[in-house]
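**Q** Just protein20.csv, nothing more (CSV, C-alpha atoms and all ligand atoms):
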```csv
chain,number,residue,atom,x,y,z
A,149,MET,CA,95.8,71.6,82.5
A,150,GLU,CA,93.6,74.5,83.6
A,151,GLN,CA,94.6,75.5,87.1
A,152,LYS,CA,92.1,76.6,89.8
A,153,PHE,CA,91.8,80.3,90.4
A,154,ILE,CA,93.1,81.3,93.8
A,155,PRO,CA,91.2,84.3,95.3
A,156,TYR,CA,93.0,86.8,97.6
A,157,GLY,CA,90.7,85.8,100.5
A,158,LYS,CA,88.2,83.2,101.3
A,159,GLN,CA,86.1,82.1,104.3
A,160,LYS,CA,86.7,78.8,106.0
A,161,ILE,CA,83.5,77.0,107.0
A,162,THR,CA,83.7,73.7,109.0
A,163,GLU,CA,81.1,71.0,109.7
A,164,GLU,CA,81.1,72.3,113.2
A,165,ASP,CA,80.1,75.8,111.9
A,166,ILE,CA,77.3,74.3,109.8
A,167,ASN,CA,76.0,72.2,112.7
A,168,SER,CA,75.8,75.2,115.0
A,169,VAL,CA,73.8,77.1,112.4
A,170,VAL,CA,71.5,74.2,111.8
A,171,LYS,CA,70.9,74.0,115.6
A,172,VAL,CA,69.6,77.6,115.5
A,173,LEU,CA,67.5,76.9,112.5
A,174,ARG,CA,65.8,74.1,114.3
A,175,SER,CA,65.3,76.2,117.5
A,176,ASP,CA,62.4,78.6,118.4
A,177,PHE,CA,64.3,81.8,117.6
A,178,ILE,CA,66.3,82.5,114.5
A,179,THR,CA,66.7,86.1,115.4
A,180,GLN,CA,66.5,88.0,118.8
A,181,GLY,CA,67.1,84.8,120.7
A,182,ASP,CA,70.0,84.2,123.0
A,183,LYS,CA,72.8,83.8,120.3
A,184,VAL,CA,73.5,87.5,119.8
A,185,PRO,CA,73.9,88.2,123.5
A,186,GLU,CA,76.1,85.1,123.8
A,187,PHE,CA,78.3,86.3,121.0
A,188,GLU,CA,78.6,89.8,122.5
A,189,GLN,CA,79.6,88.2,125.8
A,190,LEU,CA,82.2,86.0,124.2
A,191,ILE,CA,83.7,89.1,122.4
A,192,CYS,CA,83.9,91.0,125.6
A,193,THR,CA,85.8,88.1,127.3
A,194,SER,CA,88.1,87.4,124.4
A,195,LEU,CA,89.0,91.1,123.7
A,196,ASP,CA,89.0,92.1,127.3
A,197,VAL,CA,86.5,94.9,126.9
A,198,GLN,CA,83.4,95.8,128.9
A,199,TYR,CA,80.7,96.1,126.3
A,200,ALA,CA,79.9,94.8,122.8
A,201,THR,CA,77.0,95.4,120.4
A,202,ALA,CA,76.6,93.1,117.4
A,203,VAL,CA,75.0,94.5,114.2
A,204,ASN,CA,74.4,93.4,110.6
A,205,SER,CA,77.6,94.9,109.1
A,206,ALA,CA,80.7,96.9,110.1
A,207,THR,CA,79.3,99.7,107.9
A,208,SER,CA,76.2,99.8,110.3
A,209,ALA,CA,78.6,99.7,113.3
A,210,LEU,CA,80.5,102.7,111.9
A,211,HIS,CA,77.3,104.6,111.1
A,212,LEU,CA,75.9,104.0,114.6
A,213,ALA,CA,79.3,104.7,116.3
A,214,CYS,CA,79.3,108.2,114.6
A,215,LEU,CA,75.7,108.8,115.6
A,216,VAL,CA,76.3,107.8,119.2
A,217,LEU,CA,79.3,110.2,119.4
A,218,GLY,CA,77.0,112.9,118.2
A,219,LEU,CA,78.4,113.5,114.7
A,220,ALA,CA,76.1,115.8,112.7
A,221,LYS,CA,75.9,118.3,109.9
A,222,GLY,CA,78.6,121.0,110.4
A,223,ASP,CA,81.0,118.5,112.0
A,224,ILE,CA,84.1,117.1,110.5
A,225,LEU,CA,85.3,113.5,110.3
A,226,TRP,CA,88.9,112.4,109.3
A,227,THR,CA,90.1,109.0,108.2
A,228,SER,CA,92.7,107.4,106.0
A,229,PRO,CA,92.4,107.6,102.2
A,230,ILE,CA,93.7,104.0,102.1
A,231,THR,CA,90.6,102.2,103.4
A,232,PHE,CA,87.3,100.7,102.3
A,233,VAL,CA,84.8,103.5,101.5
A,234,ALA,CA,82.7,102.6,104.5
A,235,SER,CA,85.2,104.3,106.9
A,236,ALA,CA,84.4,107.7,105.3
A,237,ASN,CA,80.8,107.1,104.2
A,238,CYS,CA,79.7,106.7,107.9
A,239,GLY,CA,80.4,110.4,108.4
A,240,ARG,CA,78.4,111.3,105.3
A,241,TYR,CA,75.4,109.4,106.6
A,242,CYS,CA,75.4,111.8,109.5
A,243,GLY,CA,75.8,114.8,107.3
A,244,ALA,CA,79.4,115.5,108.3
A,245,GLU,CA,82.2,116.8,106.1
A,246,ILE,CA,85.0,114.3,105.4
A,247,ASP,CA,88.7,114.9,105.2
A,248,PHE,CA,91.7,112.5,105.1
A,249,VAL,CA,95.1,112.1,106.7
A,250,ASP,CA,97.9,110.8,104.5
A,251,ILE,CA,99.5,107.4,105.2
A,252,GLU,CA,103.1,106.4,106.1
A,253,ASP,CA,104.9,104.7,103.2
A,254,LYS,CA,106.3,101.7,105.0
A,255,THR,CA,103.3,100.5,107.0
A,256,GLY,CA,100.4,101.9,104.9
A,257,LEU,CA,98.9,103.1,108.2
A,258,VAL,CA,98.0,106.7,109.0
A,259,SER,CA,101.0,108.9,109.4
A,260,ILE,CA,101.3,110.4,112.8
A,261,GLU,CA,103.5,113.2,111.5
A,262,MET,CA,100.8,114.2,108.9
A,263,LEU,CA,98.1,113.9,111.5
A,264,LYS,CA,100.0,116.3,113.9
A,265,LEU,CA,100.6,118.8,111.1
A,266,LYS,CA,97.0,118.7,109.9
A,267,LEU,CA,95.6,119.1,113.4
A,268,GLU,CA,97.8,122.1,114.0
A,269,LYS,CA,96.6,123.7,110.8
A,270,ALA,CA,93.0,122.8,111.4
A,271,LYS,CA,93.1,124.4,114.8
A,272,GLN,CA,94.3,127.7,113.4
A,273,ILE,CA,91.4,127.8,110.9
A,274,ASN,CA,88.9,126.3,113.4
A,275,LYS,CA,88.2,123.2,111.4
A,276,LEU,CA,89.2,120.5,113.9
A,277,PRO,CA,87.6,117.1,113.4
A,278,LYS,CA,85.0,115.8,115.9
A,279,ILE,CA,85.9,112.2,115.1
A,280,PHE,CA,89.0,110.5,113.7
A,281,ILE,CA,88.8,106.9,112.4
A,282,PRO,CA,92.2,105.2,112.3
A,283,VAL,CA,92.2,102.1,110.1
A,284,HIS,CA,94.2,99.1,111.0
A,285,LEU,CA,95.1,98.2,107.5
A,286,SER,CA,95.8,94.5,106.8
A,287,GLY,CA,95.4,93.7,110.5
A,288,SER,CA,98.2,95.9,112.1
A,289,SER,CA,97.2,98.5,114.6
A,290,CYS,CA,97.9,102.2,114.0
A,291,ASP,CA,100.0,104.0,116.6
A,292,MET,CA,97.1,104.3,119.0
A,293,ARG,CA,99.1,105.7,121.9
A,294,SER,CA,100.1,108.8,119.8
A,295,ILE,CA,96.6,109.1,118.4
A,296,LYS,CA,95.1,109.0,121.9
A,297,ARG,CA,97.6,111.7,123.1
A,298,LEU,CA,96.6,113.9,120.2
A,299,SER,CA,92.9,113.4,120.8
A,300,LYS,CA,93.3,114.8,124.3
A,301,GLU,CA,95.3,117.8,123.0
A,302,TYR,CA,92.9,118.6,120.2
A,303,GLY,CA,89.6,117.2,121.6
A,304,PHE,CA,88.5,114.7,119.0
A,305,ARG,CA,86.9,111.2,119.5
A,306,ILE,CA,88.3,108.0,118.2
A,307,ILE,CA,86.6,105.1,116.4
A,308,GLU,CA,89.1,102.3,115.5
A,309,ASP,CA,88.2,100.7,112.2
A,310,ALA,CA,89.5,97.2,113.0
A,311,SER,CA,87.6,95.4,110.2
A,312,HIS,CA,90.9,93.7,109.3
A,313,ALA,CA,92.2,93.2,112.8
A,314,ILE,CA,90.2,90.8,115.0
A,315,GLY,CA,92.7,88.5,116.7
A,316,GLY,CA,95.5,91.0,116.4
A,317,LYS,CA,97.3,92.6,119.3
A,318,TYR,CA,98.7,96.0,120.1
A,319,LEU,CA,101.2,96.5,123.0
A,320,LYS,CA,100.5,92.8,123.8
A,321,LYS,CA,96.8,93.4,124.4
A,322,PRO,CA,93.8,92.5,122.1
A,323,ILE,CA,92.9,95.1,119.4
A,324,GLY,CA,89.4,96.1,120.3
A,325,ASN,CA,89.9,96.5,124.1
A,326,CYS,CA,89.4,100.3,123.6
A,327,ASP,CA,92.4,101.3,125.8
A,328,PHE,CA,93.0,104.1,123.3
A,329,SER,CA,89.6,104.7,121.7
A,330,ASP,CA,86.0,105.4,122.4
A,331,ILE,CA,84.8,102.6,120.1
A,332,THR,CA,86.3,99.8,118.0
A,333,ILE,CA,84.4,98.2,115.1
A,334,PHE,CA,85.0,94.8,113.4
A,335,SER,CA,83.6,93.3,110.2
A,336,PHE,CA,82.5,89.7,109.8
A,337,HIS,CA,82.1,89.8,106.0
A,338,PRO,CA,83.2,86.5,104.4
A,339,VAL,CA,86.6,87.9,103.2
A,340,LYS,CA,87.5,89.1,106.7
A,341,ILE,CA,89.1,87.0,109.4
A,342,ILE,CA,86.0,85.3,110.8
A,343,THR,CA,82.6,85.6,109.4
A,344,SER,CA,78.9,85.6,110.1
A,345,GLY,CA,77.9,85.9,106.4
A,346,GLU,CA,77.3,89.6,106.9
A,347,GLY,CA,77.9,91.2,110.2
A,348,GLY,CA,79.8,93.5,112.5
A,349,ILE,CA,80.3,94.5,116.1
A,350,MET,CA,81.4,97.5,118.1
A,351,THR,CA,83.2,97.4,121.4
A,352,THR,CA,83.5,100.1,124.1
A,353,ASN,CA,84.2,100.6,127.8
A,354,ASN,CA,81.6,103.3,128.0
A,355,LYS,CA,78.2,102.0,129.3
A,356,LEU,CA,76.2,104.9,127.9
A,357,ILE,CA,77.7,104.5,124.4
A,358,ASP,CA,76.8,100.8,124.5
A,359,GLU,CA,73.2,101.4,125.7
A,360,LYS,CA,72.7,104.0,123.0
A,361,MET,CA,74.2,101.7,120.4
A,362,LYS,CA,71.8,98.9,121.4
A,363,MET,CA,68.8,101.2,121.2
A,364,LEU,CA,69.8,102.6,117.8
A,365,ARG,CA,70.4,99.2,116.2
A,366,SER,CA,66.7,98.3,116.9
A,367,HIS,CA,64.7,101.4,115.8
A,368,GLY,CA,65.5,103.5,118.8
A,369,ILE,CA,63.4,101.2,120.9
A,370,THR,CA,64.0,100.2,124.5
A,371,LYS,CA,62.1,97.4,126.4
A,372,ASP,CA,63.9,98.2,129.6
A,373,ILE,CA,61.1,99.7,131.9
A,374,GLU,CA,63.7,101.3,134.1
A,375,LYS,CA,64.5,103.6,131.2
A,376,PHE,CA,61.0,104.5,130.2
A,377,LYS,CA,60.2,108.2,129.9
A,378,LEU,CA,56.5,107.7,130.3
A,379,PRO,CA,54.4,105.8,132.8
A,380,ILE,CA,54.2,102.0,131.9
A,381,PRO,CA,50.9,101.5,130.2
A,382,GLY,CA,51.0,97.7,130.5
A,383,PRO,CA,53.1,94.6,130.2
A,384,TRP,CA,53.2,94.8,126.4
A,385,ALA,CA,55.1,98.1,126.5
A,386,TYR,CA,58.1,99.3,124.7
A,387,GLU,CA,59.2,102.9,124.0
A,388,GLN,CA,60.8,104.4,120.9
A,389,GLN,CA,63.0,107.2,122.2
A,390,GLU,CA,65.2,108.0,119.3
A,391,LEU,CA,65.1,107.5,115.5
A,392,GLY,CA,67.0,104.2,115.1
A,393,TYR,CA,67.4,101.6,112.4
A,394,ASN,CA,67.0,97.9,111.9
A,395,PHE,CA,70.7,97.0,112.0
A,396,ARG,CA,70.3,93.8,114.1
A,397,MET,CA,72.4,90.7,113.7
A,398,THR,CA,70.3,87.5,113.5
A,399,ASP,CA,70.8,84.5,115.7
A,400,ILE,CA,71.7,82.5,112.6
A,401,GLN,CA,74.6,84.8,111.9
A,402,ALA,CA,75.6,84.9,115.5
A,403,SER,CA,75.7,81.1,115.7
A,404,LEU,CA,78.1,81.0,112.7
A,405,VAL,CA,80.5,83.6,114.1
A,406,ILE,CA,80.4,82.1,117.6
A,407,SER,CA,81.6,78.8,116.1
A,408,GLN,CA,84.2,80.7,114.0
A,409,LEU,CA,85.4,82.6,117.1
A,410,ASN,CA,86.6,79.2,118.6
A,411,ARG,CA,89.2,79.1,115.8
A,412,LEU,CA,90.3,82.7,115.8
A,413,GLU,CA,93.7,82.2,117.4
A,414,GLU,CA,94.5,79.3,115.2
A,415,ASN,CA,93.3,81.2,112.1
A,416,VAL,CA,95.4,84.2,112.8
A,417,HIS,CA,98.4,82.1,113.6
A,418,LYS,CA,98.0,80.3,110.2
A,419,ARG,CA,97.8,83.7,108.5
A,420,ASN,CA,101.0,84.8,110.1
A,421,THR,CA,102.7,81.5,109.1
A,422,ILE,CA,101.7,81.9,105.5
A,423,LEU,CA,102.8,85.6,105.4
A,424,ASP,CA,106.2,84.6,106.9
A,425,PHE,CA,106.6,81.9,104.3
A,426,TYR,CA,105.9,84.4,101.5
A,427,LYS,CA,108.4,86.9,103.0
A,428,GLU,CA,111.1,84.2,103.2
A,429,SER,CA,110.4,82.9,99.7
A,430,LEU,CA,110.3,86.2,97.9
A,431,LYS,CA,113.5,87.7,99.4
A,432,GLY,CA,115.7,89.3,96.8
A,433,LEU,CA,112.9,90.3,94.4
A,434,PRO,CA,112.1,93.9,93.7
A,435,ILE,CA,109.1,93.8,96.0
A,436,GLU,CA,108.5,94.9,99.6
A,437,PHE,CA,105.9,93.7,102.1
A,438,LEU,CA,104.0,96.3,104.2
A,439,GLU,CA,106.0,96.6,107.4
A,440,ILE,CA,104.2,95.5,110.6
A,441,PRO,CA,105.0,97.9,113.5
A,442,GLU,CA,107.0,96.4,116.3
A,443,ASP,CA,104.4,96.9,118.9
A,444,CYS,CA,101.9,94.8,116.9
A,445,TYR,CA,100.9,91.2,116.4
A,446,SER,CA,99.1,91.6,113.1
A,447,ALA,CA,95.9,89.7,112.5
A,448,CYS,CA,97.2,89.4,108.9
A,449,HIS,CA,93.9,89.9,107.1
A,450,LEU,CA,95.8,90.8,103.9
A,451,ALA,CA,99.3,90.1,102.5
A,452,ILE,CA,100.1,93.4,100.8
A,453,ILE,CA,103.2,93.7,98.6
A,454,LYS,CA,104.6,96.8,96.8
A,455,LEU,CA,106.4,96.7,93.5
A,456,VAL,CA,109.5,98.8,93.9
A,457,ASN,CA,111.1,100.7,91.0
A,458,PHE,CA,108.6,99.9,88.4
A,459,SER,CA,106.4,102.2,86.3
A,460,ARG,CA,102.7,102.5,86.9
A,461,ASP,CA,102.1,100.7,83.7
A,462,PHE,CA,103.9,97.7,85.1
A,463,HIS,CA,101.7,97.7,88.2
A,464,LYS,CA,98.7,97.3,85.9
A,465,LYS,CA,100.4,94.7,83.7
A,466,PHE,CA,101.5,92.7,86.8
A,467,PHE,CA,97.9,92.6,87.9
A,468,GLU,CA,96.8,91.4,84.5
A,469,ASN,CA,99.6,88.8,84.4
A,470,MET,CA,98.8,87.4,87.8
A,471,ARG,CA,95.1,87.2,87.2
A,472,SER,CA,95.6,85.5,83.8
A,473,LEU,CA,97.8,83.0,85.6
A,474,GLY,CA,95.0,82.3,88.0
A,475,ILE,CA,96.1,84.3,91.0
A,476,GLY,CA,93.4,86.7,92.3
A,477,VAL,CA,95.4,89.7,93.3
A,478,GLN,CA,93.5,92.8,94.4
A,479,LEU,CA,94.3,96.4,95.3
A,480,HIS,CA,93.4,97.4,98.9
A,481,TYR,CA,92.5,100.2,98.3
A,482,SER,CA,92.0,102.7,95.6
A,483,PRO,CA,92.3,106.0,97.5
A,484,VAL,CA,88.9,107.0,98.8
A,485,HIS,CA,89.4,110.7,98.0
A,486,LEU,CA,89.7,109.9,94.3
A,487,GLN,CA,86.4,108.1,94.1
A,488,PRO,CA,83.9,110.1,91.9
A,489,TYR,CA,81.7,110.6,95.0
A,490,TYR,CA,84.4,112.3,97.0
A,491,ARG,CA,85.8,114.2,94.0
A,492,LYS,CA,82.5,116.0,94.1
A,493,TYR,CA,83.6,117.6,97.3
A,494,GLY,CA,86.7,119.0,95.7
A,495,PHE,CA,89.3,116.2,96.3
A,496,LYS,CA,91.7,115.7,93.5
A,497,GLU,CA,94.9,113.9,92.5
A,498,GLY,CA,97.9,115.2,94.4
A,499,ASP,CA,96.0,115.8,97.7
A,500,PHE,CA,97.4,112.8,99.5
A,501,PRO,CA,100.7,111.9,97.7
A,502,MET,CA,101.7,108.9,99.8
A,503,ALA,CA,98.3,107.3,99.5
A,504,GLU,CA,98.4,107.8,95.7
A,505,LYS,CA,101.9,106.4,95.4
A,506,TYR,CA,100.8,103.4,97.5
A,507,ALA,CA,97.9,102.7,95.2
A,508,LYS,CA,100.2,102.7,92.2
A,509,THR,CA,102.5,100.1,93.6
A,510,ALA,CA,100.6,97.9,96.1
A,511,LEU,CA,98.6,94.7,95.7
A,512,SER,CA,97.3,92.0,97.9
A,513,ILE,CA,98.3,88.4,97.2
A,514,PRO,CA,96.2,85.4,98.4
A,515,LEU,CA,96.1,84.8,102.2
A,516,PHE,CA,93.5,82.7,104.0
A,517,PRO,CA,93.7,79.8,106.4
A,518,ASP,CA,92.8,77.1,103.9
A,519,LEU,CA,95.5,78.1,101.4
A,520,THR,CA,97.6,74.9,100.9
A,521,LYS,CA,101.3,74.8,100.8
A,522,ASP,CA,101.1,73.9,97.1
A,523,GLU,CA,98.9,76.9,96.4
A,524,GLN,CA,101.3,79.1,98.4
A,525,ILE,CA,104.2,77.9,96.2
A,526,ARG,CA,102.1,78.5,93.1
A,527,VAL,CA,101.5,82.1,94.2
A,528,ILE,CA,105.3,82.5,94.8
A,529,ASN,CA,106.3,81.0,91.5
A,530,THR,CA,103.7,83.1,89.6
A,531,ILE,CA,105.0,86.3,91.2
A,532,LYS,CA,108.5,85.4,90.2
A,533,LYS,CA,107.3,84.7,86.6
A,534,ALA,CA,105.1,87.9,86.4
A,535,ILE,CA,107.9,90.1,87.7
A,536,ILE,CA,110.3,89.3,84.8
A,537,THR,CA,107.7,89.4,82.0
A,601,LIG,C1,85.1,95.4,105.0
A,601,LIG,C2,85.4,96.8,105.6
A,601,LIG,C3,84.4,97.6,106.1
A,601,LIG,C4,83.0,97.3,105.9
A,601,LIG,O1,82.6,96.1,106.4
A,601,LIG,P1,81.2,95.4,106.2
A,601,LIG,O2,81.0,94.4,107.3
A,601,LIG,O3,81.3,94.8,104.8
A,601,LIG,O4,80.2,96.5,106.2
A,601,LIG,C5,84.8,98.8,106.7
A,601,LIG,N1,86.1,99.2,106.8
A,601,LIG,C6,87.1,98.4,106.3
A,601,LIG,C7,88.5,98.8,106.5
A,601,LIG,C8,86.8,97.2,105.7
A,601,LIG,O5,87.8,96.4,105.2
```
Could you write out this structure as structure tokens?

**A**
Amino acid sequence: MEQKFIPYGKQKITEEDINSVVKVLRSDFITQGDKVPEFEQLICTSLDVQYATAVNSATSALHLACLVLGLAKGDILWTSPITFVASANCGRYCGAEIDFVDIEDKTGLVSIEMLKLKLEKAKQINKLPKIFIPVHLSGSSCDMRSIKRLSKEYGFRIIEDASHAIGGKYLKKPIGNCDFSDITIFSFHPVKIITSGEGGIMTTNNKLIDEKMKMLRSHGITKDIEKFKLPIPGPWAYEQQELGYNFRMTDIQASLVISQLNRLEENVHKRNTILDFYKESLKGLPIEFLEIPEDCYSACHLAIIKLVNFSRDFHKKFFENMRSLGIGVQLHYSPVHLQPYYRKYGFKEGDFPMAEKYAKTALSIPLFPDLTKDEQIRVINTIKKAIIT
């Protein structure tokens, strides 16, 4: 019998979610009503942060975050090579130069040792970054305390790419509270932890950053007469003060993600339970799970395993085997510096050895709240089968 293909990630949409979207569709406003501000307020409360601005994707949030922090041509942005391309592209949108900091083998997160070394070298040649974007791969926080300390020493700003990490904790506090960063961004793409279809949000404790973000997401326009630069011509007035974009989230999207937010805790708990079951069931095989740092409660966006002591050919073959047996494994991620676009800037194989080694051994196995026990067992049995063939 043909078995159903199990993807590595999948959204969960309930009747309640659907009803809340329908309610907005039947209302007077499907965008720029009260759902986006309501969502922003809920995020502030649940993440214990002062300000939040919702936008149409995490990519837009990263782009605006860079602009708000003043990134421009001649500046430098650093991030991890093991991330989605958007964490680097946001710097290119602003004309900045991109560079990467290699990862730590066991966690897949940015290596603080490498960051220190690179900062020291960069200081000597006057090429320090203006912005560093740590990426909370698979939902575990990077060592933000150390990164914050280094940011003070070397004078860079921090944007946390927490696209994988909503619902996760660092030092027992919610990721996104910006205790150790200027801005945190989250993604609500359907493969992420909670979804709005497409969507993202940025959080901050800095009022000026938030105000600028809100202006830039809507063409650079303000309707707040207190902030007008010119005399008020009449009650119809608004002012465009900067060159912004249309990066707004709609009320339709906000109503979906508000409903999803109600289940965030349960969702992340379920993900942790599944990951623990995998770890327990796959003990003794020549595979390793990415380590979750002790000071983290991971949001478990991804279940990433690494094949140990196999050749690169086997990694590829393992992928093919798993997929042909109906298990949608995926590589998160192919190193960004080796993408053709970034090779144009001179990056090449050998530049970030740990990231490259990771990409030759790692893969994500299915992990999402609706994954049934039977399906989890099928994933486990298929791994066991694929590892010996
Ligand atoms: C998904 C993702 C993004 C981009 O998110 P979108 O909402 O699709 O724009 C950025 N960074 C990381 C690490 C991601 O996983």

**Q** My list of candidates is A:Lys317, A:Arg460, A:His337, A:Arg297. Which is closest to ligand LIG 601 (chain A) when distances are computed with all atoms listed in the file?

**A** A:His337

**Q** Could you check which of A:Asp522, A:Glu346, A:Glu245, A:Glu186 is closest to ligand LIG 601 (chain A), using all atoms listed in the file?

**A** A:Glu346

**Q** Which residues come within 10 Å of A:Asn204, counting all atoms listed in the file, excluding same-chain residues fewer than 5 positions away, as a ChimeraX atom specification?

**A** /A:209,335-337,344-349,365,394-398,401-402

**Q** At a cut-off of 9 Å and counting only C-alpha atoms and all ligand atoms, what residues surround ligand LIG 601 (chain A)? Please answer as a PyMOL selection string.

**A** chain A and resi 204-210+230-236+283-286+309-312+333-340+346-349+480

**Q** Which of these residues is nearest to A:Lys275, using all atoms listed in the file: A:Ile224, A:Ile295, A:Ile307, A:Leu391?

**A**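 Closest candidate: A:Ile224.
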
**Q** Would you list the contacts of A:Ser168 as number ranges by chain, taking every protein, DNA or RNA residue within 9 Å and counting only C-alpha atoms, but skipping same-chain residues closer than 5 positions in sequence?

**A** A: 163, 173, 400, 403-404, 406-407

**Q** Just to confirm, what's the straight-line distance from atom CA of A:Leu433 to atom CA of A:Asn529 in Å (one decimal)?

**A**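 Result for atom CA of A:Leu433 versus atom CA of A:Asn529: 11.8 Å, one decimal.
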
**Q** May I have the residues within 12 Å of A:Met262 as number ranges by chain, using only C-alpha atoms and disregarding those fewer than 2 positions away in the same chain?

**A** A: 227-228, 248-253, 257-260, 264-270, 295, 500-503

**Q** May I have the residues from that selection written out with C-alpha atoms, as a JSON list (two decimals), in the frame of the given file?

**A**
```json
[["chain", "number", "residue", "atom", "x", "y", "z"],
["A", 227, "THR", "CA", 90.10, 109.00, 108.20],
["A", 228, "SER", "CA", 92.70, 107.40, 106.00],
["A", 248, "PHE", "CA", 91.70, 112.50, 105.10],
["A", 249, "VAL", "CA", 95.10, 112.10, 106.70],
["A", 250, "ASP", "CA", 97.90, 110.80, 104.50],
["A", 251, "ILE", "CA", 99.50, 107.40, 105.20],
["A", 252, "GLU", "CA", 103.10, 106.40, 106.10],
["A", 253, "ASP", "CA", 104.90, 104.70, 103.20],
["A", 257, "LEU", "CA", 98.90, 103.10, 108.20],
["A", 258, "VAL", "CA", 98.00, 106.70, 109.00],
["A", 259, "SER", "CA", 101.00, 108.90, 109.40],
["A", 260, "ILE", "CA", 101.30, 110.40, 112.80],
["A", 264, "LYS", "CA", 100.00, 116.30, 113.90],
["A", 265, "LEU", "CA", 100.60, 118.80, 111.10],
["A", 266, "LYS", "CA", 97.00, 118.70, 109.90],
["A", 267, "LEU", "CA", 95.60, 119.10, 113.40],
["A", 268, "GLU", "CA", 97.80, 122.10, 114.00],
["A", 269, "LYS", "CA", 96.60, 123.70, 110.80],
["A", 270, "ALA", "CA", 93.00, 122.80, 111.40],
["A", 295, "ILE", "CA", 96.60, 109.10, 118.40],
["A", 500, "PHE", "CA", 97.40, 112.80, 99.50],
["A", 501, "PRO", "CA", 100.70, 111.90, 97.70],
["A", 502, "MET", "CA", 101.70, 108.90, 99.80],
["A", 503, "ALA", "CA", 98.30, 107.30, 99.50]]
```

**Q** Mind dumping a table of every stretch 366-477 of chain A residue within 6 Å of stretch 507-514 of chain A, with the nearest atom pair and its distance in Å to one decimal, using only C-alpha atoms, sorted by chain and rising number, as CSV?

**A**
```
residue,atom,partner,partner_atom,distance
A:Ala451,CA,A:Ser512,CA,5.4
A:Ile452,CA,A:Ser512,CA,4.3
A:Ile453,CA,A:Leu511,CA,5.5
A:Lys454,CA,A:Ala510,CA,4.2
A:Leu455,CA,A:Thr509,CA,5.2
A:Arg460,CA,A:Lys508,CA,5.9
A:His463,CA,A:Thr509,CA,6.0
A:Val477,CA,A:Ile513,CA,5.0
```

**Q** Find the residues near A:Ser289: any atom within 12 Å, counting only C-alpha atoms, skip ones fewer than 3 places away on the same chain, and give them as a PyMOL selection string.

**A** chain A and resi 255-258+282-286+292-295+308-324+328+332+439-449

**Q** Let me make sure I understand: among A:Ile422, A:Asn237, A:Arg305, A:Gly181, which one has the smallest atom-to-atom distance to A:Lys521 if we use only C-alpha atoms?

**A** A:Ile422

**Q** Fewer than 5 positions away in the same chain doesn't count, so skip those; otherwise give me all residues within 8 Å of A:Gln388, counting only C-alpha atoms, as a PyMOL selection string.

**A** chain A and resi 367-370

**Q** Return the single residue from A:Leu364, A:Ile475, A:Ile279, A:Ile357 that is closest to A:Ile531, with distances computed using all atoms listed in the file.

**A**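 Among the listed residues, the smallest separation from A:Ile531 belongs to A:Ile475.
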
**Q** From the options A:Pro229, A:Gln408, A:Ala385, A:Gly498, which residue's atoms come nearest to A:Asn167, counting only C-alpha atoms?

**A** A:Gln408

**Q** Between atom CA of A:Asp182 and atom CA of A:Thr343, what distance in Å does the model show, to one decimal?

**A**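 If I compute the distance from atom CA of A:Asp182 to atom CA of A:Thr343, I get 18.6 Å.
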
**Q** Could you state the separation of atom CA of A:Asp518 and atom CA of A:Ile154 in Å, given to one decimal place?

**A**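 Atom CA of A:Asp518 sits 10.9 Å away from atom CA of A:Ile154.
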